[in-house]
file my_file-v1.cif (mmCIF, C-alpha atoms)
data_start
#
loop_
_atom_site.label_atom_id
_atom_site.label_comp_id
_atom_site.auth_asym_id
_atom_site.auth_seq_id
_atom_site.Cartn_x
_atom_site.Cartn_y
_atom_site.Cartn_z
CA MET A 21 -18.01 39.53 -25.70
CA ALA A 22 -16.78 41.13 -22.53
CA VAL A 23 -18.59 44.07 -21.04
CA ASP A 24 -16.52 47.09 -20.08
CA GLU A 25 -16.19 47.07 -16.27
CA GLY A 26 -16.60 50.83 -15.88
CA LEU A 27 -19.69 50.92 -18.05
CA LYS A 28 -21.13 48.02 -16.14
CA ILE A 29 -20.73 49.81 -12.81
CA GLU A 30 -22.16 53.01 -14.27
CA LEU A 31 -25.19 51.15 -15.63
CA GLY A 32 -25.52 49.37 -12.28
CA LYS A 33 -25.86 52.74 -10.56
CA GLN A 34 -28.72 53.51 -12.92
CA GLY A 35 -30.43 50.24 -12.01
CA VAL A 36 -29.49 48.38 -15.16
CA PHE A 37 -27.82 45.00 -14.74
CA VAL A 38 -25.61 43.97 -17.64
CA THR A 39 -23.90 40.63 -18.00
CA THR A 40 -22.96 38.00 -20.53
CA LEU A 41 -24.39 34.53 -20.74
CA GLN A 42 -20.95 33.07 -20.09
CA GLU A 43 -20.50 35.15 -16.94
CA LEU A 44 -23.94 34.23 -15.63
CA TYR A 45 -23.49 30.57 -16.47
CA ASN A 46 -20.07 30.33 -14.86
CA TRP A 47 -21.27 32.28 -11.81
CA GLY A 48 -23.97 29.69 -11.39
CA ARG A 49 -21.55 26.83 -11.83
CA ARG A 50 -18.90 28.09 -9.46
CA SER A 51 -21.24 29.26 -6.71
CA SER A 52 -22.95 25.98 -6.01
CA VAL A 53 -20.37 23.26 -6.27
CA TRP A 54 -21.59 20.30 -4.31
CA PRO A 55 -18.80 18.06 -3.08
CA MET A 56 -19.14 14.35 -2.69
CA ASN A 57 -19.29 12.99 0.84
CA PHE A 58 -16.29 10.78 0.56
CA GLY A 59 -12.95 10.53 2.33
CA LEU A 60 -10.02 8.19 1.92
CA ALA A 61 -7.57 8.81 4.74
CA CYS A 62 -6.33 11.38 7.24
CA CYS A 63 -6.77 14.27 4.76
CA ALA A 64 -10.50 13.64 5.08
CA ILE A 65 -10.30 14.90 8.67
CA GLU A 66 -8.95 18.24 7.41
CA MET A 67 -11.66 18.24 4.76
CA ILE A 68 -14.28 17.78 7.47
CA ALA A 69 -12.70 20.59 9.48
CA THR A 70 -12.92 22.81 6.41
CA THR A 71 -16.66 22.29 6.24
CA MET A 72 -17.20 23.07 9.90
CA ALA A 73 -17.93 26.45 11.45
CA ARG A 74 -14.34 27.59 11.98
CA TYR A 75 -13.31 27.46 8.30
CA ASP A 76 -16.78 27.18 6.80
CA LEU A 77 -16.60 26.02 3.21
CA ALA A 78 -20.26 27.09 2.99
CA ARG A 79 -19.07 30.65 2.41
CA PHE A 80 -18.09 29.54 -1.08
CA GLY A 81 -21.32 27.76 -1.88
CA ALA A 82 -19.97 24.26 -1.33
CA GLU A 83 -21.64 23.29 1.90
CA VAL A 84 -23.86 20.50 0.67
CA PHE A 85 -21.89 17.28 0.82
CA ARG A 86 -23.87 14.71 -1.11
CA PRO A 87 -23.59 11.06 -0.23
CA SER A 88 -24.34 10.00 -3.80
CA PRO A 89 -22.10 10.63 -6.80
CA ARG A 90 -25.24 11.26 -8.88
CA GLN A 91 -25.93 14.45 -6.94
CA ALA A 92 -22.39 15.68 -6.51
CA ASP A 93 -20.23 17.67 -8.87
CA MET A 94 -16.94 17.88 -7.05
CA MET A 95 -14.81 15.02 -5.82
CA ILE A 96 -12.20 15.84 -3.20
CA ILE A 97 -9.69 12.98 -3.30
CA SER A 98 -8.80 13.39 0.34
CA GLY A 99 -6.08 10.90 1.13
CA THR A 100 -4.12 7.87 0.04
CA VAL A 101 -5.52 6.07 -2.98
CA THR A 102 -4.55 2.44 -2.60
CA LYS A 103 -4.45 0.20 -5.64
CA LYS A 104 -7.33 -1.74 -4.13
CA MET A 105 -9.43 1.42 -3.87
CA ALA A 106 -8.44 3.10 -7.16
CA PRO A 107 -10.99 1.27 -9.39
CA GLN A 108 -13.77 2.27 -7.02
CA VAL A 109 -12.63 5.91 -7.07
CA VAL A 110 -12.64 5.94 -10.87
CA ARG A 111 -16.04 4.26 -10.92
CA LEU A 112 -17.49 6.85 -8.53
CA TYR A 113 -16.05 9.60 -10.71
CA ASN A 114 -17.70 8.02 -13.76
CA GLN A 115 -21.03 8.01 -11.93
CA MET A 116 -20.91 11.74 -11.30
CA ALA A 117 -22.78 13.95 -13.75
CA GLU A 118 -21.06 16.71 -15.73
CA PRO A 119 -19.97 19.37 -15.00
CA ARG A 120 -17.70 17.71 -12.47
CA TYR A 121 -14.45 18.72 -10.89
CA VAL A 122 -11.69 16.97 -8.97
CA ILE A 123 -9.45 18.35 -6.25
CA ALA A 124 -6.55 16.03 -5.38
CA MET A 125 -5.86 16.84 -1.76
CA GLY A 126 -2.59 16.02 -0.08
CA ALA A 127 0.71 14.41 -0.96
CA CYS A 128 -0.75 10.91 -1.33
CA ALA A 129 -3.53 11.85 -3.73
CA ILE A 130 -1.23 13.86 -5.98
CA SER A 131 1.78 11.54 -6.07
CA GLY A 132 1.56 8.68 -3.61
CA GLY A 133 3.29 10.82 -1.01
CA PRO A 134 5.23 8.98 1.69
CA PHE A 135 3.88 5.70 0.30
CA LYS A 136 5.03 6.35 -3.26
CA GLN A 137 7.46 3.45 -3.28
CA GLY A 138 4.98 1.07 -1.70
CA TYR A 139 3.57 -1.88 -3.60
CA ASN A 140 -0.01 -0.99 -2.78
CA VAL A 141 -0.38 2.76 -3.30
CA LEU A 142 -1.28 4.51 -6.53
CA LYS A 143 1.28 7.15 -7.51
CA GLY A 144 -1.30 9.89 -7.91
CA ILE A 145 -4.98 9.69 -8.86
CA ASP A 146 -4.26 11.90 -11.90
CA ARG A 147 -3.10 8.71 -13.64
CA TYR A 148 -6.73 7.70 -14.13
CA ILE A 149 -8.98 10.75 -13.89
CA PRO A 150 -8.45 14.40 -14.86
CA VAL A 151 -7.60 16.50 -11.80
CA ASP A 152 -8.42 20.22 -11.74
CA VAL A 153 -6.47 21.34 -8.67
CA HIS A 154 -3.60 19.60 -6.86
CA ILE A 155 -2.86 20.57 -3.24
CA PRO A 156 0.42 19.51 -1.67
CA GLY A 157 0.76 19.01 2.09
CA CYS A 158 0.57 16.17 4.53
CA PRO A 159 -2.17 16.87 5.32
CA PRO A 160 -2.90 20.29 3.81
CA ARG A 161 -4.38 22.75 6.28
CA PRO A 162 -8.03 23.74 5.83
CA GLU A 163 -6.81 27.10 4.49
CA ALA A 164 -5.03 25.20 1.73
CA LEU A 165 -8.25 23.41 0.80
CA LEU A 166 -10.08 26.75 0.75
CA GLU A 167 -7.31 28.17 -1.46
CA ALA A 168 -7.68 25.18 -3.78
CA PHE A 169 -11.41 25.68 -3.87
CA MET A 170 -10.97 29.34 -4.76
CA ALA A 171 -8.50 28.33 -7.47
CA LEU A 172 -11.13 25.95 -8.84
CA GLN A 173 -13.71 28.75 -8.82
CA LYS A 174 -11.31 31.01 -10.71
CA LYS A 175 -10.74 28.23 -13.19
CA ILE A 176 -14.49 27.77 -13.72
CA ASP A 177 -14.94 31.53 -14.09
CA ALA A 178 -12.32 31.73 -16.81
CA GLN A 179 -13.75 28.92 -18.91
CA PRO A 180 -15.31 30.00 -22.25
CA LEU A 181 -18.52 28.25 -23.21
CA THR A 182 -17.53 27.70 -26.82
CA GLY A 183 -14.37 26.92 -28.70
CA GLU A 184 -11.07 25.76 -27.33
CA GLY A 185 -10.91 25.18 -23.57
CA ARG A 186 -14.66 24.86 -23.05
CA PRO A 187 -15.87 22.60 -20.25
CA ARG A 188 -16.18 18.90 -21.02
CA HIS A 189 -19.96 18.80 -20.87
CA LEU A 190 -20.20 21.34 -23.69
CA ASP A 191 -17.77 19.39 -25.85
CA ALA A 192 -19.43 16.51 -27.69
CA ASP A 193 -16.08 14.86 -28.40
CA ALA A 194 -14.82 14.93 -24.81
CA PRO A 195 -14.77 11.59 -23.04
CA GLY A 196 -17.67 11.12 -20.66
CA GLU A 197 -16.40 7.98 -19.04
CA PHE A 198 -12.92 7.03 -17.99
CA PRO A 199 -11.80 3.40 -18.12
CA VAL A 200 -11.80 1.69 -14.74
CA PRO A 201 -8.45 -0.05 -14.18
CA ALA A 202 -8.56 -3.79 -13.60
CA GLN A 203 -6.88 -5.43 -10.64
CA GLY A 204 -4.36 -7.71 -12.26
CA GLU A 205 -2.11 -10.41 -10.89
CA HIS A 206 0.70 -8.04 -9.95
CA ASP A 207 -0.53 -4.48 -10.46
CA LEU A 208 -3.38 -2.38 -11.78
CA GLU A 209 -3.91 -2.82 -15.52
CA PRO A 210 -3.25 -0.50 -17.21
CA ALA A 211 -0.85 1.33 -14.89
CA ALA A 212 -2.13 4.69 -16.16
CA ASN A 213 -4.75 6.06 -18.54
CA LYS A 214 -2.62 7.38 -21.42
CA ASN A 215 -5.31 9.86 -22.51
CA VAL A 216 -5.34 11.50 -19.10
CA TRP A 217 -1.77 11.21 -17.90
CA THR A 218 1.50 11.35 -19.76
CA VAL A 219 4.88 11.07 -18.10
CA PRO A 220 5.85 14.62 -17.12
CA VAL A 221 9.17 15.90 -18.41
CA VAL A 222 11.58 16.52 -15.55
CA ILE A 223 13.62 19.67 -16.09
CA ARG A 224 16.91 19.76 -14.20
CA MET B 19 4.41 -15.91 35.75
CA LYS B 20 6.19 -19.18 35.18
CA THR B 21 9.50 -19.05 33.39
CA LEU B 22 9.66 -20.28 29.86
CA GLU B 23 11.36 -23.48 30.97
CA GLU B 24 8.54 -24.15 33.44
CA ILE B 25 5.95 -23.48 30.77
CA GLN B 26 7.77 -25.89 28.46
CA ALA B 27 7.74 -28.55 31.17
CA ALA B 28 4.05 -27.93 31.88
CA ILE B 29 3.25 -28.31 28.19
CA GLU B 30 5.23 -31.55 27.97
CA ALA B 31 3.34 -32.87 31.01
CA ALA B 32 -0.07 -31.94 29.61
CA VAL B 33 0.51 -32.76 25.94
CA PRO B 34 2.90 -35.70 25.72
CA GLY B 35 5.13 -35.47 22.68
CA ALA B 36 4.42 -31.81 22.15
CA GLY B 37 8.02 -31.22 21.13
CA VAL B 38 8.04 -27.59 22.23
CA GLU B 39 11.40 -25.97 21.86
CA ILE B 40 12.75 -22.73 23.34
CA LEU B 41 14.12 -20.28 20.80
CA PRO B 42 16.46 -17.88 22.56
CA ASN B 43 16.45 -14.21 21.63
CA PRO B 44 19.98 -12.80 21.70
CA ALA B 45 18.78 -9.18 21.73
CA PRO B 46 18.93 -7.14 24.99
CA SER B 47 15.19 -7.61 25.48
CA GLY B 48 15.81 -11.33 25.87
CA GLN B 49 12.24 -12.11 24.92
CA HIS B 50 12.64 -15.79 24.22
CA SER B 51 9.92 -17.70 22.48
CA LEU B 52 8.44 -21.17 22.32
CA ARG B 53 8.58 -22.96 19.00
CA LEU B 54 5.62 -25.25 18.50
CA LYS B 55 5.51 -28.26 16.25
CA PRO B 56 2.72 -27.78 13.70
CA GLU B 57 1.28 -31.25 14.46
CA THR B 58 0.63 -30.50 18.12
CA ALA B 59 0.23 -26.72 17.96
CA VAL B 60 -3.55 -26.58 18.38
CA GLU B 61 -3.47 -28.89 21.43
CA VAL B 62 -0.66 -26.89 23.00
CA ALA B 63 -2.52 -23.64 22.30
CA LYS B 64 -5.66 -25.00 23.94
CA PHE B 65 -3.60 -25.99 26.98
CA LEU B 66 -2.02 -22.51 27.22
CA ARG B 67 -5.44 -20.90 27.04
CA ASP B 68 -7.26 -23.25 29.43
CA ASP B 69 -4.57 -23.93 32.01
CA GLU B 70 -5.54 -22.47 35.41
CA GLU B 71 -2.14 -21.03 36.14
CA LEU B 72 -1.23 -19.69 32.71
CA ALA B 73 -4.70 -18.68 31.45
CA LEU B 74 -3.33 -17.03 28.31
CA ASP B 75 -6.73 -15.88 27.15
CA TYR B 76 -5.69 -12.91 25.02
CA LEU B 77 -3.92 -13.14 21.68
CA SER B 78 -2.69 -9.63 20.99
CA ASN B 79 -0.67 -10.02 17.84
CA VAL B 80 0.01 -12.41 15.00
CA THR B 81 2.72 -11.63 12.53
CA GLY B 82 4.97 -13.32 10.02
CA VAL B 83 8.67 -13.46 9.32
CA ASP B 84 10.26 -14.49 6.06
CA TRP B 85 13.59 -16.27 6.30
CA PRO B 86 14.98 -16.61 2.78
CA ASP B 87 17.44 -19.30 1.71
CA LYS B 88 20.77 -18.43 3.25
CA GLU B 89 24.06 -19.24 1.62
CA ILE B 90 26.68 -19.90 4.25
CA ALA B 91 30.35 -19.89 3.35
CA GLU B 92 32.55 -21.47 5.98
CA LYS B 93 36.22 -22.20 6.05
CA VAL B 94 36.98 -25.84 6.78
CA LYS B 95 40.40 -27.33 7.45
CA VAL B 96 40.84 -30.39 5.29
CA THR B 97 43.66 -32.89 5.73
CA ARG B 98 44.52 -34.84 2.60
CA PRO B 99 47.44 -36.90 1.38
CA VAL B 100 49.73 -35.15 -1.07
CA THR B 101 52.30 -36.97 -3.17
CA LYS B 102 55.50 -35.05 -3.73
CA THR B 103 58.69 -35.95 -5.50
CA VAL B 104 61.65 -35.02 -3.35
CA GLU B 105 65.12 -35.79 -4.75
CA GLY B 106 63.73 -38.35 -7.17
CA VAL B 107 61.89 -40.26 -4.49
CA GLU B 108 58.10 -40.15 -4.24
CA GLN B 109 56.92 -39.28 -0.79
CA THR B 110 53.42 -39.19 0.53
CA ALA B 111 52.76 -36.62 3.19
CA GLU B 112 49.64 -35.31 4.83
CA GLU B 113 48.86 -31.67 4.29
CA THR B 114 46.29 -29.47 5.93
CA VAL B 115 44.56 -27.05 3.58
CA GLU B 116 41.90 -24.48 4.33
CA GLU B 117 38.91 -24.75 2.04
CA THR B 118 35.87 -22.55 1.65
CA ARG B 119 32.73 -24.58 1.50
CA LYS B 120 29.38 -23.19 0.61
CA ARG B 121 26.12 -24.66 1.71
CA VAL B 122 22.61 -23.37 1.39
CA GLU B 123 20.49 -23.31 4.48
CA PRO B 124 16.91 -23.65 3.27
CA GLY B 125 14.60 -20.79 4.11
CA PHE B 126 11.21 -20.97 5.75
CA LEU B 127 8.28 -18.83 6.80
CA GLU B 128 7.63 -18.18 10.45
CA VAL B 129 4.47 -17.09 12.23
CA VAL B 130 4.73 -15.36 15.59
CA TYR B 131 1.92 -15.17 18.17
CA HIS B 132 2.02 -12.89 21.23
CA LEU B 133 -0.11 -14.07 24.13
CA PHE B 134 -1.17 -12.28 27.29
CA SER B 135 -3.42 -13.20 30.16
CA MET B 136 -6.21 -10.81 31.04
CA ALA B 137 -7.29 -12.98 33.96
CA ARG B 138 -3.83 -13.30 35.52
CA ARG B 139 -2.42 -10.04 34.18
CA HIS B 140 0.75 -11.46 32.81
CA GLY B 141 2.51 -11.91 29.53
CA PRO B 142 3.71 -11.90 26.90
CA VAL B 143 4.38 -15.46 25.92
CA VAL B 144 5.70 -15.63 22.39
CA LEU B 145 4.87 -18.62 20.21
CA ARG B 146 6.47 -19.38 16.87
CA MET B 147 5.74 -21.89 14.13
CA ARG B 148 7.80 -22.58 11.06
CA THR B 149 6.86 -23.95 7.66
CA GLY B 150 8.82 -26.63 5.84
CA ASN B 151 10.03 -24.30 3.13
CA ARG B 152 8.97 -21.16 1.28
CA SER B 153 7.36 -22.68 -1.80
CA ASP B 154 5.20 -25.79 -1.48
CA ARG B 155 5.28 -26.80 2.19
CA VAL B 156 3.78 -23.62 3.60
CA GLU B 157 0.91 -25.10 5.58
CA LEU B 158 0.52 -24.45 9.29
CA PRO B 159 -2.39 -25.12 11.61
CA SER B 160 -4.63 -22.15 12.27
CA LEU B 161 -5.01 -21.03 15.88
CA THR B 162 -8.26 -19.19 15.09
CA PRO B 163 -10.32 -22.00 16.67
CA VAL B 164 -8.45 -21.31 19.92
CA TRP B 165 -8.27 -17.50 19.80
CA ARG B 166 -10.86 -15.76 17.59
CA SER B 167 -8.70 -12.65 17.39
CA ALA B 168 -6.26 -14.56 15.19
CA GLU B 169 -8.72 -14.63 12.32
CA PHE B 170 -7.93 -11.35 10.55
CA GLN B 171 -4.26 -11.41 11.46
CA GLU B 172 -3.79 -14.90 10.06
CA ARG B 173 -5.51 -13.70 6.91
CA GLU B 174 -2.98 -10.88 6.78
CA VAL B 175 -0.07 -13.31 7.17
CA PHE B 176 -1.61 -15.44 4.43
CA ASP B 177 -1.96 -12.40 2.20
CA LEU B 178 1.46 -10.84 2.72
CA TYR B 179 3.65 -13.91 3.37
CA GLY B 180 1.77 -16.80 1.79
CA VAL B 181 1.41 -19.04 4.82
CA VAL B 182 -1.61 -21.33 4.36
CA PHE B 183 -3.47 -21.86 7.62
CA LYS B 184 -5.25 -25.20 7.85
CA GLY B 185 -8.47 -24.99 9.81
CA HIS B 186 -8.97 -21.26 9.30
CA PRO B 187 -12.69 -20.53 8.84
CA ASP B 188 -12.31 -17.93 6.09
CA LEU B 189 -8.86 -17.84 4.54
CA ARG B 190 -8.93 -15.07 1.92
CA ARG B 191 -6.67 -12.15 1.16
CA ILE B 192 -7.47 -9.23 3.41
CA LEU B 193 -5.36 -6.28 2.22
CA MET B 194 -4.65 -7.02 -1.42
CA TRP B 195 -7.35 -7.96 -3.93
CA ASP B 196 -8.39 -11.54 -4.62
CA GLY B 197 -6.69 -11.89 -8.00
CA PHE B 198 -3.34 -10.74 -6.65
CA LYS B 199 -0.65 -13.39 -7.00
CA ASP B 200 2.38 -12.14 -5.02
CA HIS B 201 3.20 -11.96 -1.35
CA PRO B 202 4.53 -8.42 -0.87
CA MET B 203 6.20 -8.86 2.52
CA ARG B 204 8.50 -11.64 1.33
CA ARG B 205 12.11 -10.61 1.02
CA ASP B 206 12.31 -11.59 -2.65
CA TYR B 207 9.19 -9.69 -3.70
CA VAL B 208 9.80 -7.27 -6.55
CA ALA B 209 7.36 -4.37 -6.78
CA PRO B 210 5.85 -3.66 -10.23
CA ASP B 211 8.03 -1.63 -12.59
CA ASP B 212 6.17 1.70 -12.45
CA PHE B 213 9.15 3.98 -12.05
CA GLU B 214 8.46 6.07 -15.15
CA TYR B 215 8.17 9.33 -13.23
CA GLU B 216 10.54 9.87 -10.32
CA PRO B 217 11.30 13.58 -9.92
CA THR B 218 13.59 13.12 -6.90
CA PRO B 219 15.13 9.65 -7.20
CA HIS B 220 17.76 8.38 -4.83
CA ASP B 221 19.31 5.08 -3.78
CA GLU B 222 17.15 2.12 -4.70
CA VAL B 223 14.57 4.28 -6.44
CA LEU B 224 17.27 5.85 -8.61
CA ALA B 225 18.53 2.40 -9.61
CA ARG B 226 15.04 1.22 -10.47
CA ALA B 227 14.21 4.42 -12.37
CA GLN B 228 17.38 4.00 -14.42
CA ALA B 229 16.58 0.34 -15.07
CA HIS B 230 13.08 1.34 -16.16
CA ARG B 231 14.49 3.96 -18.55
CA ALA B 232 16.92 1.41 -20.00
CA THR B 233 14.13 -1.11 -20.70
CA GLN B 234 11.95 1.62 -22.21
CA GLN B 235 14.77 2.69 -24.53
CA ALA B 236 15.53 -0.91 -25.46
CA ALA B 237 11.85 -1.43 -26.31
CA ALA B 238 11.71 1.80 -28.33
CA ALA B 239 14.96 1.25 -30.27
CA PRO B 240 13.84 -1.49 -32.73
CA GLN B 241 10.72 0.49 -33.67
CA GLU B 242 12.82 3.50 -34.61
CA GLY B 243 15.03 1.27 -36.74
CA ALA B 244 12.00 -0.13 -38.57
CA GLY B 245 10.69 3.39 -39.23
CA GLN B 246 13.86 4.37 -41.06
#

call {"tool": "encode", "arguments": {"input": "my_file-v1.cif", "output": "structure tokens"}}
result
Amino acid sequence: MAVDEGLKIELGKQGVFVTTLQELYNWGRRSSVWPMNFGLACCAIEMIATTMARYDLARFGAEVFRPSPRQADMMIISGTVTKKMAPQVVRLYNQMAEPRYVIAMGACAISGGPFKQGYNVLKGIDRYIPVDVHIPGCPPRPEALLEAFMALQKKIDAQPLTGEGRPRHLDADAPGEFPVPAQGEHDLEPAANKNVWTVPVVIR
Amino acid sequence: MKTLEEIQAAIEAAVPGAGVEILPNPAPSGQHSLRLKPETAVEVAKFLRDDEELALDYLSNVTGVDWPDKEIAEKVKVTRPVTKTVEGVEQTAEETVEETRKRVEPGFLEVVYHLFSMARRHGPVVLRMRTGNRSDRVELPSLTPVWRSAEFQEREVFDLYGVVFKGHPDLRRILMWDGFKDHPMRRDYVAPDDFEYEPTPHDEVLARAQAHRATQQAAAAPQEGAGQ
């Protein structure tokens, strides 16, 4: 149940703090997202710049880059995902605890980018793991990563805790683990996780 | 630095029967190369490295080239006897006819080494080696025992072209995974058919996306028929 904004401010003036459990819970979730210390290619340099003093990702509560997937809850896929690396990326994602989020950063991570037609580059990490925010750019500027992070925070804020559209960790039926693709004789097998990615319909 | 002809002569003097051959480069750079025979390549390489005057102690680059089978069509003038009947009398005359003959020049794999000398500050000297063919006679001697820097680059040539280096200390794939079967840099390599989603196709990609769609529809058609 949403609290009327005006009433909330009025009560706040009287020293009474009113909130809902969902608001408090989501505030907690979105304000301390710990990214994983992990970079794949040149986008990682922009990601590092974003965390440094000039752009300062710490303003959004995401300053603690954890070197272990067990302690992290956001994965920034910063760069080209090669087919040799893709199983490891999926495995690292599986090792992260819920709630966990993924930002696919840059042209390569979202689609394969300039290497899309190459034999060795995955055409987007969203073929194997669910991605929350996609950022285009080659590489995206730090501002773009901040914008993506804010978009992720808005997304977390809007999530209800029950019913349709609730986060995965509150949904007993949601998959906890995503199959790691095998490195076959000619390509990754399977070429995409059908439960996560379906061929988008191109409208012309 | 010595000219390539002088280097060739020096090699022949030091390694009798080396069989080194000069491959001319018709491009404006004119960077001609020495083609080594696989049997004597390691000896020749040791000579190039250890010779006082050449002292080619630095191997900067190893790469591969794939030369696929080439079909050559050439016009040949053939003279053959032709029997004609002129005014009831058989006459045999010689006639010259132009014929198109096709022959297949077998392909091969080539490995290219670029050498410099740090001590003498000269270079490059370009070495080449060729395999017997592209399928089963793909063995070449490794030059890693002579120049350590060849190790990873020969692994790369092995991975992407399929040249097997005899005498290499650790010949494994370096870029692709171990179970991978193809050699992606070969001219006849076909990338996996994952063209299901191409929002902006053009040229080759468009052709492959259309081919993918056709195979998908062909695979889906019998199932629809069975459903009805």

call {"tool": "closest_residue", "arguments": {"input": "my_file-v1.cif", "among": "A:Ile145, A:Lys175, A:Pro195, A:Leu165", "to": "Trp217 of chain A", "atoms": "all atoms listed in the file"}}
result
A:Ile145

call {"tool": "interface_residues", "arguments": {"input": "my_file-v1.cif", "of": "chain B", "to": "chain A", "cutoff": "9 Å", "atoms": "all atoms listed in the file", "output": "list in words"}}
result
Leu193, Met194, Trp195, Asp196, Gly197, Phe198, Lys199, Asp200, Pro202, Val208, Ala209, Pro210, Asp212, Phe213, Glu214, Tyr215, Glu216, Pro217 and Val223 of chain B

call {"tool": "residues_around", "arguments": {"input": "my_file-v1.cif", "residues": "Pro156 of chain A", "least_positions_apart": "6", "cutoff": "8 Å", "atoms": "only C-alpha atoms", "output": "number ranges by chain"}}
result
A: 125-127, 130

call {"tool": "atom_distance", "arguments": {"input": "my_file-v1.cif", "atom1": "atom CA of Leu66 of chain B", "atom2": "atom CA of Phe126 of chain B"}}
result
25.3 Å

call {"tool": "residues_around", "arguments": {"input": "my_file-v1.cif", "residues": "Val115 of chain B", "least_positions_apart": "3", "cutoff": "7 Å", "atoms": "all atoms listed in the file", "output": "PyMOL selection string"}}
result
chain B and resi 95-97

call {"tool": "axis_aligned_box", "arguments": {"input": "my_file-v1.cif", "around": "segment 23-42 of chain A", "padding_each_side": "4 Å", "output": "lines of an AutoDock Vina configuration file"}}
result
center_x = -23.3
center_y = 43.3
center_z = -15.8
size_x = 22.2
size_y = 28.4
size_z = 18.5

call {"tool": "resolve_selection", "arguments": {"input": "my_file-v1.cif", "expression": "the PyMOL selection byres ((chain B and resi 181-191) around 7)", "output": "list in words"}}
result
Val156, Glu157, Leu158, Pro159, Ser160, Thr162, Arg173, Glu174, Val175, Phe176, Asp177, Tyr179, Gly180, Ile192, Leu193, Met194, Trp195 and Asp196 of chain B

call {"tool": "residues_around", "arguments": {"input": "my_file-v1.cif", "residues": "Pro159 of chain A", "least_positions_apart": "6", "cutoff": "12 Å", "atoms": "all atoms listed in the file", "output": "count of residues only"}}
result
21

call {"tool": "residues_around", "arguments": {"input": "my_file-v1.cif", "residues": "Val80 of chain B", "least_positions_apart": "5", "cutoff": "12 Å", "atoms": "all atoms listed in the file", "output": "list in words"}}
result
Glu128, Val129, Val130, Tyr131, His132, Leu133, Val144, Leu145, Arg146, Met147, Ser160, Leu161, Thr162, Trp165, Arg166, Ser167, Ala168, Glu169, Phe170, Gln171, Glu172, Arg173, Glu174, Val175 and Phe176 of chain B

call {"tool": "atom_distance", "arguments": {"input": "my_file-v1.cif", "atom1": "atom CA of Met56 of chain A", "atom2": "atom CA of Ala178 of chain A"}}
result
23.4 Å

call {"tool": "resolve_selection", "arguments": {"input": "my_file-v1.cif", "expression": "the PyMOL selection byres ((chain A and resi 179-191) around 10)", "output": "number ranges by chain"}}
result
A: 41-43, 45-46, 117-120, 174-178, 192-196

call {"tool": "resolve_selection", "arguments": {"input": "my_file-v1.cif", "expression": "the PyMOL selection byres ((chain B and resi 142) around 10)", "output": "list in words"}}
result
Met19, Gln49, Ser51, Leu74, Tyr76, Leu77, Ser78, Tyr131, His132, Leu133, Phe134, Ser135, Arg139, His140, Gly141, Val143, Val144 and Leu145 of chain B

call {"tool": "atom_distance", "arguments": {"input": "my_file-v1.cif", "atom1": "atom CA of Ile40 of chain B", "atom2": "atom CA of Val122 of chain B"}}
result
24.1 Å

call {"tool": "closest_residue", "arguments": {"input": "my_file-v1.cif", "among": "A:Tyr75, A:Gln34, A:Pro55, A:Arg49", "to": "Arg161 of chain A", "atoms": "only C-alpha atoms"}}
result
A:Tyr75

call {"tool": "residues_around", "arguments": {"input": "my_file-v1.cif", "residues": "segment 30-36 of chain B", "least_positions_apart": "2", "cutoff": "9 Å", "atoms": "only C-alpha atoms", "output": "ChimeraX atom specification"}}
result
/B:25-28,38,54-55,57-59,61-62,65

call {"tool": "write_last_selection", "arguments": {"input": "my_file-v1.cif", "atoms": "C-alpha atoms", "output": "PDB file, in the frame of the given file"}}
result
ATOM      1  CA  ILE B  25       5.950 -23.480  30.770  1.00  0.00           C
ATOM      2  CA  GLN B  26       7.770 -25.890  28.460  1.00  0.00           C
ATOM      3  CA  ALA B  27       7.740 -28.550  31.170  1.00  0.00           C
ATOM      4  CA  ALA B  28       4.050 -27.930  31.880  1.00  0.00           C
ATOM      5  CA  VAL B  38       8.040 -27.590  22.230  1.00  0.00           C
ATOM      6  CA  LEU B  54       5.620 -25.250  18.500  1.00  0.00           C
ATOM      7  CA  LYS B  55       5.510 -28.260  16.250  1.00  0.00           C
ATOM      8  CA  GLU B  57       1.280 -31.250  14.460  1.00  0.00           C
ATOM      9  CA  THR B  58       0.630 -30.500  18.120  1.00  0.00           C
ATOM     10  CA  ALA B  59       0.230 -26.720  17.960  1.00  0.00           C
ATOM     11  CA  GLU B  61      -3.470 -28.890  21.430  1.00  0.00           C
ATOM     12  CA  VAL B  62      -0.660 -26.890  23.000  1.00  0.00           C
ATOM     13  CA  PHE B  65      -3.600 -25.990  26.980  1.00  0.00           C
TER      14      PHE B  65
END

call {"tool": "closest_residue", "arguments": {"input": "my_file-v1.cif", "among": "B:Glu123, B:Glu113, B:Asp211, B:Asp221", "to": "Lys88 of chain B", "atoms": "all atoms listed in the file"}}
result
B:Glu123
